[in-house]
Amino acid sequence: LERVQLIPGRHPGVITAKITHSNPWAGEILHPLAARGYTLGTPGDRSITQPIIIGIDPLEHDEDKRIITHQLYDDMGGKHLLVVAGTGGGKTTLVNSILEHLTDSDDTDVVACDVAKGGAAWSWRWACLRVHVGAQALPSVVAELEAAVSLGMARAAARLNATGKRSASHKPTRDERALVIVLDEADQILAESPHPLRGRAQSAVKWLLSKGRELGIVLVIIAQRGTLDYLGKSDV
C-alpha cells in the first residue's frame, strides 16, 4: 500500500498529494450489502441490466463512491467478463457476488460450470438453471456451450424472420431471458490440447464471444492462468 500518492493536476505545476495516515485494510471490511444492512427482497426483483455490487474500495472516503459495481448488460447487449487471478486473488468472492445478483434476477438464467472442485458453482446449485462440476463434467460443459450457440442461432433466425433484418440487441425479459454461462477454472476447459472436447469448447466460446452479446448470451470466464496456452487460441 502506497501511503503517498501524487496526482497530477489539470494545470501545469499543480500536483495533489494524497496521504494515507492509517492502513485501510487493517480492520474488518464488510461487503457493501452486509455493511448497509441488506435484507432479502422479493425473489426475482432484480435484473441483469442493473449494476452488480462486487465490492468496496477502502481507499475511497466518499461513501457514495466506495461501492464497486460491474455492468454485465446494458442497452448495447451483454458484456462478457474475463477474470484472471491466482489462488487467493478473490475470484470466488467475485463469482459469489455475481451469482447472488443474477440468480435473483427474474430475466436471467444462469448455468454454472467448474470442472475442478466446483466450490462457488456447487454452492449456488439450487438457484441456477443448471450446474456442472467436477472433472467428469467436461462433456456436459461442452454440450452446454454448444446448446448456447444453438440458442443464439435460433434467436438470430427468429429476429430475421420477424423483421427481415438484424434488429437491436436482445432485451432480457421474464419470457425472453438472458443466459449467463459462468466458466470457473476455464483454463482447464479451454487449454490448448489435442482432446477433441477442448477443441469443441474453444469453437463454441469463440462463437459466443463474437455473436452472443447481442443475442442475450453472456460468458463469465474465470481462470488462474490468462495466457494463450491456457485460454485457447488468440480468437478466444
# chains A, B, ... in the order shown; residues from 1 in each chain; ligands from 1

$ residues_around --residues "Pro8 (chain A)" --least-positions-apart "6" --cutoff "12 Å" --atoms "only C-alpha atoms" --output "short mmCIF file (atom, residue, chain, number, x, y, z; two decimals) with N, CA, C and O atoms, in the first residue's frame"
data_model
loop_
_atom_site.label_atom_id
_atom_site.label_comp_id
_atom_site.auth_asym_id
_atom_site.auth_seq_id
_atom_site.Cartn_x
_atom_site.Cartn_y
_atom_site.Cartn_z
N VAL A 14 0.74 21.99 -10.98
CA VAL A 14 -0.15 21.68 -9.85
C VAL A 14 -0.19 20.17 -9.64
O VAL A 14 -0.54 19.42 -10.54
N ILE A 15 0.21 19.74 -8.45
CA ILE A 15 0.20 18.32 -8.10
C ILE A 15 -0.50 18.16 -6.75
O ILE A 15 -0.24 18.91 -5.81
N THR A 16 -1.39 17.21 -6.67
CA THR A 16 -2.10 16.93 -5.43
C THR A 16 -1.43 15.73 -4.75
O THR A 16 -1.21 14.70 -5.37
N ALA A 17 -1.12 15.88 -3.48
CA ALA A 17 -0.53 14.80 -2.69
C ALA A 17 -1.61 14.21 -1.79
O ALA A 17 -2.20 14.91 -0.97
N LYS A 18 -1.88 12.91 -1.95
CA LYS A 18 -2.87 12.22 -1.13
C LYS A 18 -2.13 11.32 -0.16
O LYS A 18 -1.41 10.39 -0.58
#

$ select_by_dssp --residues "region 58-126 of chain A" --states "strand (DSSP E)" --output "number ranges by chain"
A: 67-70, 73-74, 77-78, 81-84, 108-114

$ closest_residue --among "A:Thr173, A:Ala204, A:Lys79, A:Gly88" --to "Ser105 (chain A)" --atoms "only C-alpha atoms"
A:Thr173

$ closest_atom_pairs --of "region 92-146 of chain A" --to "region 185-200 of chain A" --cutoff "8 Å" --atoms "only C-alpha atoms" --output "tab-separated table"
residue	atom	partner	partner_atom	distance
A:Asp114	CA	A:Glu185	CA	6.0
A:Val115	CA	A:Glu185	CA	6.8
A:Ala116	CA	A:Glu185	CA	6.6
A:Leu138	CA	A:Ile189	CA	7.2
A:Pro139	CA	A:Leu197	CA	6.9
A:Val142	CA	A:Leu197	CA	6.7

$ select_by_dssp --residues "region 7-222 of chain A" --states "alpha helix (DSSP H)" --output "PDB file with N, CA and C atoms, in the first residue's frame"
ATOM      1  N   PRO A  32     -20.372  -4.487   0.838  1.00  0.00           N
ATOM      2  CA  PRO A  32     -21.327  -3.375   0.961  1.00  0.00           C
ATOM      3  C   PRO A  32     -22.756  -3.815   1.250  1.00  0.00           C
ATOM      4  N   LEU A  33     -23.154  -4.992   0.765  1.00  0.00           N
ATOM      5  CA  LEU A  33     -24.507  -5.457   1.071  1.00  0.00           C
ATOM      6  C   LEU A  33     -24.666  -5.706   2.565  1.00  0.00           C
ATOM      7  N   ALA A  34     -23.614  -6.268   3.196  1.00  0.00           N
ATOM      8  CA  ALA A  34     -23.664  -6.512   4.635  1.00  0.00           C
ATOM      9  C   ALA A  34     -23.497  -5.210   5.406  1.00  0.00           C
ATOM     10  N   ALA A  35     -22.630  -4.331   4.932  1.00  0.00           N
ATOM     11  CA  ALA A  35     -22.366  -3.075   5.631  1.00  0.00           C
ATOM     12  C   ALA A  35     -23.598  -2.185   5.682  1.00  0.00           C
ATOM     13  N   GLU A  63     -18.636   7.954   0.748  1.00  0.00           N
ATOM     14  CA  GLU A  63     -19.474   6.761   0.867  1.00  0.00           C
ATOM     15  C   GLU A  63     -20.180   6.421  -0.434  1.00  0.00           C
ATOM     16  N   ASP A  64     -20.578   7.433  -1.192  1.00  0.00           N
ATOM     17  CA  ASP A  64     -21.304   7.190  -2.431  1.00  0.00           C
ATOM     18  C   ASP A  64     -20.399   6.640  -3.533  1.00  0.00           C
ATOM     19  N   LYS A  65     -19.084   6.788  -3.368  1.00  0.00           N
ATOM     20  CA  LYS A  65     -18.154   6.319  -4.394  1.00  0.00           C
ATOM     21  C   LYS A  65     -17.405   5.057  -3.979  1.00  0.00           C
ATOM     22  N   ARG A  66     -17.606   4.593  -2.760  1.00  0.00           N
ATOM     23  CA  ARG A  66     -16.843   3.450  -2.255  1.00  0.00           C
ATOM     24  C   ARG A  66     -17.276   2.129  -2.883  1.00  0.00           C
ATOM     25  N   LYS A  91     -11.188 -14.539  -6.633  1.00  0.00           N
ATOM     26  CA  LYS A  91     -12.091 -14.978  -7.704  1.00  0.00           C
ATOM     27  C   LYS A  91     -13.407 -15.522  -7.155  1.00  0.00           C
ATOM     28  N   THR A  92     -13.326 -16.356  -6.115  1.00  0.00           N
ATOM     29  CA  THR A  92     -14.539 -16.971  -5.569  1.00  0.00           C
ATOM     30  C   THR A  92     -15.483 -15.922  -4.988  1.00  0.00           C
ATOM     31  N   THR A  93     -14.940 -14.932  -4.297  1.00  0.00           N
ATOM     32  CA  THR A  93     -15.769 -13.856  -3.749  1.00  0.00           C
ATOM     33  C   THR A  93     -16.472 -13.095  -4.866  1.00  0.00           C
ATOM     34  N   LEU A  94     -15.735 -12.833  -5.939  1.00  0.00           N
ATOM     35  CA  LEU A  94     -16.327 -12.123  -7.074  1.00  0.00           C
ATOM     36  C   LEU A  94     -17.436 -12.953  -7.715  1.00  0.00           C
ATOM     37  N   VAL A  95     -17.173 -14.246  -7.930  1.00  0.00           N
ATOM     38  CA  VAL A  95     -18.180 -15.123  -8.535  1.00  0.00           C
ATOM     39  C   VAL A  95     -19.430 -15.193  -7.657  1.00  0.00           C
ATOM     40  N   ASN A  96     -19.239 -15.293  -6.345  1.00  0.00           N
ATOM     41  CA  ASN A  96     -20.391 -15.343  -5.433  1.00  0.00           C
ATOM     42  C   ASN A  96     -21.228 -14.066  -5.522  1.00  0.00           C
ATOM     43  N   SER A  97     -20.566 -12.924  -5.636  1.00  0.00           N
ATOM     44  CA  SER A  97     -21.293 -11.655  -5.745  1.00  0.00           C
ATOM     45  C   SER A  97     -22.105 -11.606  -7.037  1.00  0.00           C
ATOM     46  N   ILE A  98     -21.501 -12.083  -8.129  1.00  0.00           N
ATOM     47  CA  ILE A  98     -22.196 -12.084  -9.418  1.00  0.00           C
ATOM     48  C   ILE A  98     -23.371 -13.050  -9.393  1.00  0.00           C
ATOM     49  N   LEU A  99     -23.141 -14.255  -8.867  1.00  0.00           N
ATOM     50  CA  LEU A  99     -24.204 -15.256  -8.827  1.00  0.00           C
ATOM     51  C   LEU A  99     -25.336 -14.842  -7.897  1.00  0.00           C
ATOM     52  N   GLU A 100     -25.000 -14.160  -6.797  1.00  0.00           N
ATOM     53  CA  GLU A 100     -26.035 -13.703  -5.863  1.00  0.00           C
ATOM     54  C   GLU A 100     -27.002 -12.768  -6.561  1.00  0.00           C
ATOM     55  N   HIS A 101     -26.463 -11.894  -7.417  1.00  0.00           N
ATOM     56  CA  HIS A 101     -27.315 -10.940  -8.129  1.00  0.00           C
ATOM     57  C   HIS A 101     -28.090 -11.625  -9.252  1.00  0.00           C
ATOM     58  N   LEU A 102     -27.393 -12.408 -10.066  1.00  0.00           N
ATOM     59  CA  LEU A 102     -28.022 -12.990 -11.251  1.00  0.00           C
ATOM     60  C   LEU A 102     -29.106 -13.998 -10.903  1.00  0.00           C
ATOM     61  N   GLY A 119     -16.457 -25.218  -6.156  1.00  0.00           N
ATOM     62  CA  GLY A 119     -16.866 -24.559  -4.918  1.00  0.00           C
ATOM     63  C   GLY A 119     -18.038 -23.618  -5.063  1.00  0.00           C
ATOM     64  N   ALA A 120     -17.842 -22.483  -5.790  1.00  0.00           N
ATOM     65  CA  ALA A 120     -18.897 -21.480  -5.912  1.00  0.00           C
ATOM     66  C   ALA A 120     -20.075 -22.021  -6.698  1.00  0.00           C
ATOM     67  N   ALA A 121     -19.798 -22.728  -7.782  1.00  0.00           N
ATOM     68  CA  ALA A 121     -20.886 -23.250  -8.618  1.00  0.00           C
ATOM     69  C   ALA A 121     -21.785 -24.193  -7.828  1.00  0.00           C
ATOM     70  N   TRP A 122     -21.171 -25.078  -7.056  1.00  0.00           N
ATOM     71  CA  TRP A 122     -21.957 -26.062  -6.307  1.00  0.00           C
ATOM     72  C   TRP A 122     -22.775 -25.390  -5.215  1.00  0.00           C
ATOM     73  N   SER A 123     -22.247 -24.336  -4.627  1.00  0.00           N
ATOM     74  CA  SER A 123     -22.957 -23.629  -3.565  1.00  0.00           C
ATOM     75  C   SER A 123     -24.251 -23.002  -4.069  1.00  0.00           C
ATOM     76  N   LEU A 138     -16.764 -32.328 -17.953  1.00  0.00           N
ATOM     77  CA  LEU A 138     -16.313 -31.663 -19.179  1.00  0.00           C
ATOM     78  C   LEU A 138     -17.256 -31.918 -20.361  1.00  0.00           C
ATOM     79  N   PRO A 139     -17.702 -33.158 -20.624  1.00  0.00           N
ATOM     80  CA  PRO A 139     -18.642 -33.359 -21.736  1.00  0.00           C
ATOM     81  C   PRO A 139     -19.933 -32.555 -21.568  1.00  0.00           C
ATOM     82  N   SER A 140     -20.431 -32.456 -20.347  1.00  0.00           N
ATOM     83  CA  SER A 140     -21.656 -31.696 -20.096  1.00  0.00           C
ATOM     84  C   SER A 140     -21.427 -30.205 -20.312  1.00  0.00           C
ATOM     85  N   VAL A 141     -20.248 -29.722 -19.925  1.00  0.00           N
ATOM     86  CA  VAL A 141     -19.928 -28.305 -20.121  1.00  0.00           C
ATOM     87  C   VAL A 141     -19.864 -27.986 -21.612  1.00  0.00           C
ATOM     88  N   VAL A 142     -19.209 -28.845 -22.384  1.00  0.00           N
ATOM     89  CA  VAL A 142     -19.117 -28.627 -23.825  1.00  0.00           C
ATOM     90  C   VAL A 142     -20.508 -28.654 -24.460  1.00  0.00           C
ATOM     91  N   ALA A 143     -21.338 -29.608 -24.041  1.00  0.00           N
ATOM     92  CA  ALA A 143     -22.706 -29.680 -24.553  1.00  0.00           C
ATOM     93  C   ALA A 143     -23.492 -28.415 -24.211  1.00  0.00           C
ATOM     94  N   GLU A 144     -23.257 -27.867 -23.022  1.00  0.00           N
ATOM     95  CA  GLU A 144     -23.935 -26.634 -22.599  1.00  0.00           C
ATOM     96  C   GLU A 144     -23.509 -25.469 -23.484  1.00  0.00           C
ATOM     97  N   LEU A 145     -22.235 -25.365 -23.774  1.00  0.00           N
ATOM     98  CA  LEU A 145     -21.743 -24.286 -24.634  1.00  0.00           C
ATOM     99  C   LEU A 145     -22.314 -24.407 -26.037  1.00  0.00           C
ATOM    100  N   GLU A 146     -22.355 -25.624 -26.560  1.00  0.00           N
ATOM    101  CA  GLU A 146     -22.891 -25.824 -27.910  1.00  0.00           C
ATOM    102  C   GLU A 146     -24.399 -25.577 -27.938  1.00  0.00           C
ATOM    103  N   ALA A 147     -25.094 -25.883 -26.845  1.00  0.00           N
ATOM    104  CA  ALA A 147     -26.519 -25.585 -26.760  1.00  0.00           C
ATOM    105  C   ALA A 147     -26.746 -24.069 -26.758  1.00  0.00           C
ATOM    106  N   ALA A 148     -25.842 -23.340 -26.111  1.00  0.00           N
ATOM    107  CA  ALA A 148     -25.944 -21.877 -26.095  1.00  0.00           C
ATOM    108  C   ALA A 148     -25.756 -21.305 -27.504  1.00  0.00           C
ATOM    109  N   VAL A 149     -24.848 -21.906 -28.276  1.00  0.00           N
ATOM    110  CA  VAL A 149     -24.667 -21.484 -29.665  1.00  0.00           C
ATOM    111  C   VAL A 149     -25.950 -21.726 -30.453  1.00  0.00           C
ATOM    112  N   SER A 150     -26.567 -22.884 -30.257  1.00  0.00           N
ATOM    113  CA  SER A 150     -27.831 -23.197 -30.943  1.00  0.00           C
ATOM    114  C   SER A 150     -28.923 -22.206 -30.557  1.00  0.00           C
ATOM    115  N   LEU A 151     -28.981 -21.846 -29.267  1.00  0.00           N
ATOM    116  CA  LEU A 151     -29.952 -20.859 -28.810  1.00  0.00           C
ATOM    117  C   LEU A 151     -29.717 -19.524 -29.504  1.00  0.00           C
ATOM    118  N   GLY A 152     -28.447 -19.115 -29.583  1.00  0.00           N
ATOM    119  CA  GLY A 152     -28.128 -17.854 -30.244  1.00  0.00           C
ATOM    120  C   GLY A 152     -28.519 -17.859 -31.708  1.00  0.00           C
ATOM    121  N   MET A 153     -28.242 -18.964 -32.408  1.00  0.00           N
ATOM    122  CA  MET A 153     -28.607 -19.058 -33.822  1.00  0.00           C
ATOM    123  C   MET A 153     -30.118 -19.017 -34.000  1.00  0.00           C
ATOM    124  N   ALA A 154     -30.842 -19.683 -33.097  1.00  0.00           N
ATOM    125  CA  ALA A 154     -32.299 -19.679 -33.176  1.00  0.00           C
ATOM    126  C   ALA A 154     -32.853 -18.277 -32.960  1.00  0.00           C
ATOM    127  N   ARG A 155     -32.296 -17.548 -32.001  1.00  0.00           N
ATOM    128  CA  ARG A 155     -32.751 -16.180 -31.750  1.00  0.00           C
ATOM    129  C   ARG A 155     -32.454 -15.287 -32.949  1.00  0.00           C
ATOM    130  N   ALA A 156     -31.274 -15.467 -33.544  1.00  0.00           N
ATOM    131  CA  ALA A 156     -30.915 -14.656 -34.706  1.00  0.00           C
ATOM    132  C   ALA A 156     -31.860 -14.940 -35.872  1.00  0.00           C
ATOM    133  N   ALA A 157     -32.190 -16.219 -36.084  1.00  0.00           N
ATOM    134  CA  ALA A 157     -33.090 -16.586 -37.175  1.00  0.00           C
ATOM    135  C   ALA A 157     -34.495 -16.051 -36.931  1.00  0.00           C
ATOM    136  N   ALA A 158     -34.975 -16.153 -35.687  1.00  0.00           N
ATOM    137  CA  ALA A 158     -36.306 -15.649 -35.360  1.00  0.00           C
ATOM    138  C   ALA A 158     -36.385 -14.140 -35.553  1.00  0.00           C
ATOM    139  N   ARG A 159     -35.333 -13.454 -35.182  1.00  0.00           N
ATOM    140  CA  ARG A 159     -35.295 -11.997 -35.354  1.00  0.00           C
ATOM    141  C   ARG A 159     -35.335 -11.632 -36.825  1.00  0.00           C
ATOM    142  N   LEU A 160     -34.578 -12.367 -37.644  1.00  0.00           N
ATOM    143  CA  LEU A 160     -34.535 -12.086 -39.076  1.00  0.00           C
ATOM    144  C   LEU A 160     -35.883 -12.369 -39.727  1.00  0.00           C
ATOM    145  N   ASN A 161     -36.527 -13.459 -39.328  1.00  0.00           N
ATOM    146  CA  ASN A 161     -37.838 -13.801 -39.898  1.00  0.00           C
ATOM    147  C   ASN A 161     -38.912 -12.794 -39.507  1.00  0.00           C
ATOM    148  N   ALA A 162     -38.789 -12.252 -38.300  1.00  0.00           N
ATOM    149  CA  ALA A 162     -39.811 -11.325 -37.803  1.00  0.00           C
ATOM    150  C   ALA A 162     -39.670  -9.925 -38.391  1.00  0.00           C
ATOM    151  N   THR A 163     -38.449  -9.501 -38.605  1.00  0.00           N
ATOM    152  CA  THR A 163     -38.215  -8.118 -39.031  1.00  0.00           C
ATOM    153  C   THR A 163     -37.637  -7.999 -40.432  1.00  0.00           C
ATOM    154  N   ASP A 187      -9.376 -22.310 -17.602  1.00  0.00           N
ATOM    155  CA  ASP A 187      -8.129 -22.765 -18.218  1.00  0.00           C
ATOM    156  C   ASP A 187      -8.061 -24.283 -18.304  1.00  0.00           C
ATOM    157  N   GLN A 188      -8.898 -24.968 -17.542  1.00  0.00           N
ATOM    158  CA  GLN A 188      -8.948 -26.428 -17.634  1.00  0.00           C
ATOM    159  C   GLN A 188      -9.964 -26.886 -18.688  1.00  0.00           C
ATOM    160  N   ILE A 189     -10.702 -25.946 -19.238  1.00  0.00           N
ATOM    161  CA  ILE A 189     -11.676 -26.251 -20.286  1.00  0.00           C
ATOM    162  C   ILE A 189     -11.155 -25.828 -21.653  1.00  0.00           C
ATOM    163  N   LEU A 190     -10.456 -24.688 -21.701  1.00  0.00           N
ATOM    164  CA  LEU A 190     -10.063 -24.083 -22.971  1.00  0.00           C
ATOM    165  C   LEU A 190      -8.603 -24.248 -23.319  1.00  0.00           C
ATOM    166  N   PRO A 196     -10.437 -33.703 -28.210  1.00  0.00           N
ATOM    167  CA  PRO A 196     -11.483 -33.157 -29.088  1.00  0.00           C
ATOM    168  C   PRO A 196     -12.516 -32.305 -28.361  1.00  0.00           C
ATOM    169  N   LEU A 197     -12.801 -32.620 -27.097  1.00  0.00           N
ATOM    170  CA  LEU A 197     -13.775 -31.829 -26.354  1.00  0.00           C
ATOM    171  C   LEU A 197     -13.295 -30.406 -26.142  1.00  0.00           C
ATOM    172  N   ARG A 198     -11.979 -30.241 -25.909  1.00  0.00           N
ATOM    173  CA  ARG A 198     -11.467 -28.883 -25.706  1.00  0.00           C
ATOM    174  C   ARG A 198     -11.524 -28.085 -27.003  1.00  0.00           C
ATOM    175  N   GLY A 199     -11.302 -28.750 -28.124  1.00  0.00           N
ATOM    176  CA  GLY A 199     -11.437 -28.064 -29.409  1.00  0.00           C
ATOM    177  C   GLY A 199     -12.863 -27.613 -29.651  1.00  0.00           C
ATOM    178  N   ARG A 200     -13.819 -28.433 -29.297  1.00  0.00           N
ATOM    179  CA  ARG A 200     -15.230 -28.063 -29.440  1.00  0.00           C
ATOM    180  C   ARG A 200     -15.595 -26.924 -28.503  1.00  0.00           C
ATOM    181  N   ALA A 201     -15.042 -26.957 -27.278  1.00  0.00           N
ATOM    182  CA  ALA A 201     -15.298 -25.883 -26.319  1.00  0.00           C
ATOM    183  C   ALA A 201     -14.751 -24.558 -26.841  1.00  0.00           C
ATOM    184  N   GLN A 202     -13.542 -24.588 -27.409  1.00  0.00           N
ATOM    185  CA  GLN A 202     -12.953 -23.371 -27.963  1.00  0.00           C
ATOM    186  C   GLN A 202     -13.800 -22.803 -29.092  1.00  0.00           C
ATOM    187  N   SER A 203     -14.284 -23.670 -29.970  1.00  0.00           N
ATOM    188  CA  SER A 203     -15.097 -23.212 -31.097  1.00  0.00           C
ATOM    189  C   SER A 203     -16.390 -22.564 -30.612  1.00  0.00           C
ATOM    190  N   ALA A 204     -17.034 -23.197 -29.629  1.00  0.00           N
ATOM    191  CA  ALA A 204     -18.285 -22.648 -29.107  1.00  0.00           C
ATOM    192  C   ALA A 204     -18.051 -21.318 -28.407  1.00  0.00           C
ATOM    193  N   VAL A 205     -17.003 -21.244 -27.588  1.00  0.00           N
ATOM    194  CA  VAL A 205     -16.707 -19.999 -26.871  1.00  0.00           C
ATOM    195  C   VAL A 205     -16.363 -18.882 -27.851  1.00  0.00           C
ATOM    196  N   LYS A 206     -15.611 -19.216 -28.885  1.00  0.00           N
ATOM    197  CA  LYS A 206     -15.273 -18.210 -29.906  1.00  0.00           C
ATOM    198  C   LYS A 206     -16.541 -17.627 -30.516  1.00  0.00           C
ATOM    199  N   TRP A 207     -17.511 -18.487 -30.864  1.00  0.00           N
ATOM    200  CA  TRP A 207     -18.760 -18.009 -31.468  1.00  0.00           C
ATOM    201  C   TRP A 207     -19.539 -17.148 -30.478  1.00  0.00           C
ATOM    202  N   LEU A 208     -19.629 -17.609 -29.235  1.00  0.00           N
ATOM    203  CA  LEU A 208     -20.394 -16.871 -28.234  1.00  0.00           C
ATOM    204  C   LEU A 208     -19.775 -15.517 -27.921  1.00  0.00           C
ATOM    205  N   LEU A 209     -18.457 -15.449 -27.884  1.00  0.00           N
ATOM    206  CA  LEU A 209     -17.797 -14.173 -27.633  1.00  0.00           C
ATOM    207  C   LEU A 209     -18.060 -13.192 -28.768  1.00  0.00           C
ATOM    208  N   SER A 210     -18.169 -13.712 -29.976  1.00  0.00           N
ATOM    209  CA  SER A 210     -18.360 -12.859 -31.142  1.00  0.00           C
ATOM    210  C   SER A 210     -19.823 -12.472 -31.354  1.00  0.00           C
ATOM    211  N   LYS A 211     -20.741 -13.427 -31.183  1.00  0.00           N
ATOM    212  CA  LYS A 211     -22.137 -13.195 -31.530  1.00  0.00           C
ATOM    213  C   LYS A 211     -23.090 -13.137 -30.338  1.00  0.00           C
TER     214      LYS A 211
END

$ atom_distance --atom1 "CA of Gln224 (chain A)" --atom2 "CA of Arg3 (chain A)"
29.4 Å

$ atom_distance --atom1 "CA of His70 (chain A)" --atom2 "CA of Gln50 (chain A)"
8.9 Å

$ closest_residue --among "A:His11, A:His170, A:Arg225, A:Lys117" --to "Tyr73 (chain A)" --atoms "only C-alpha atoms"
A:His170

$ closest_residue --among "A:Met76, A:Ile7, A:Ala223, A:Val133" --to "Gly89 (chain A)" --atoms "only C-alpha atoms"
A:Ala223

$ closest_residue --among "A:Thr103, A:Trp124, A:Ser169, A:Cys113" --to "Asp45 (chain A)" --atoms "only C-alpha atoms"
A:Thr103

$ atom_distance --atom1 "CA of Val111 (chain A)" --atom2 "CA of Val84 (chain A)"
19.7 Å
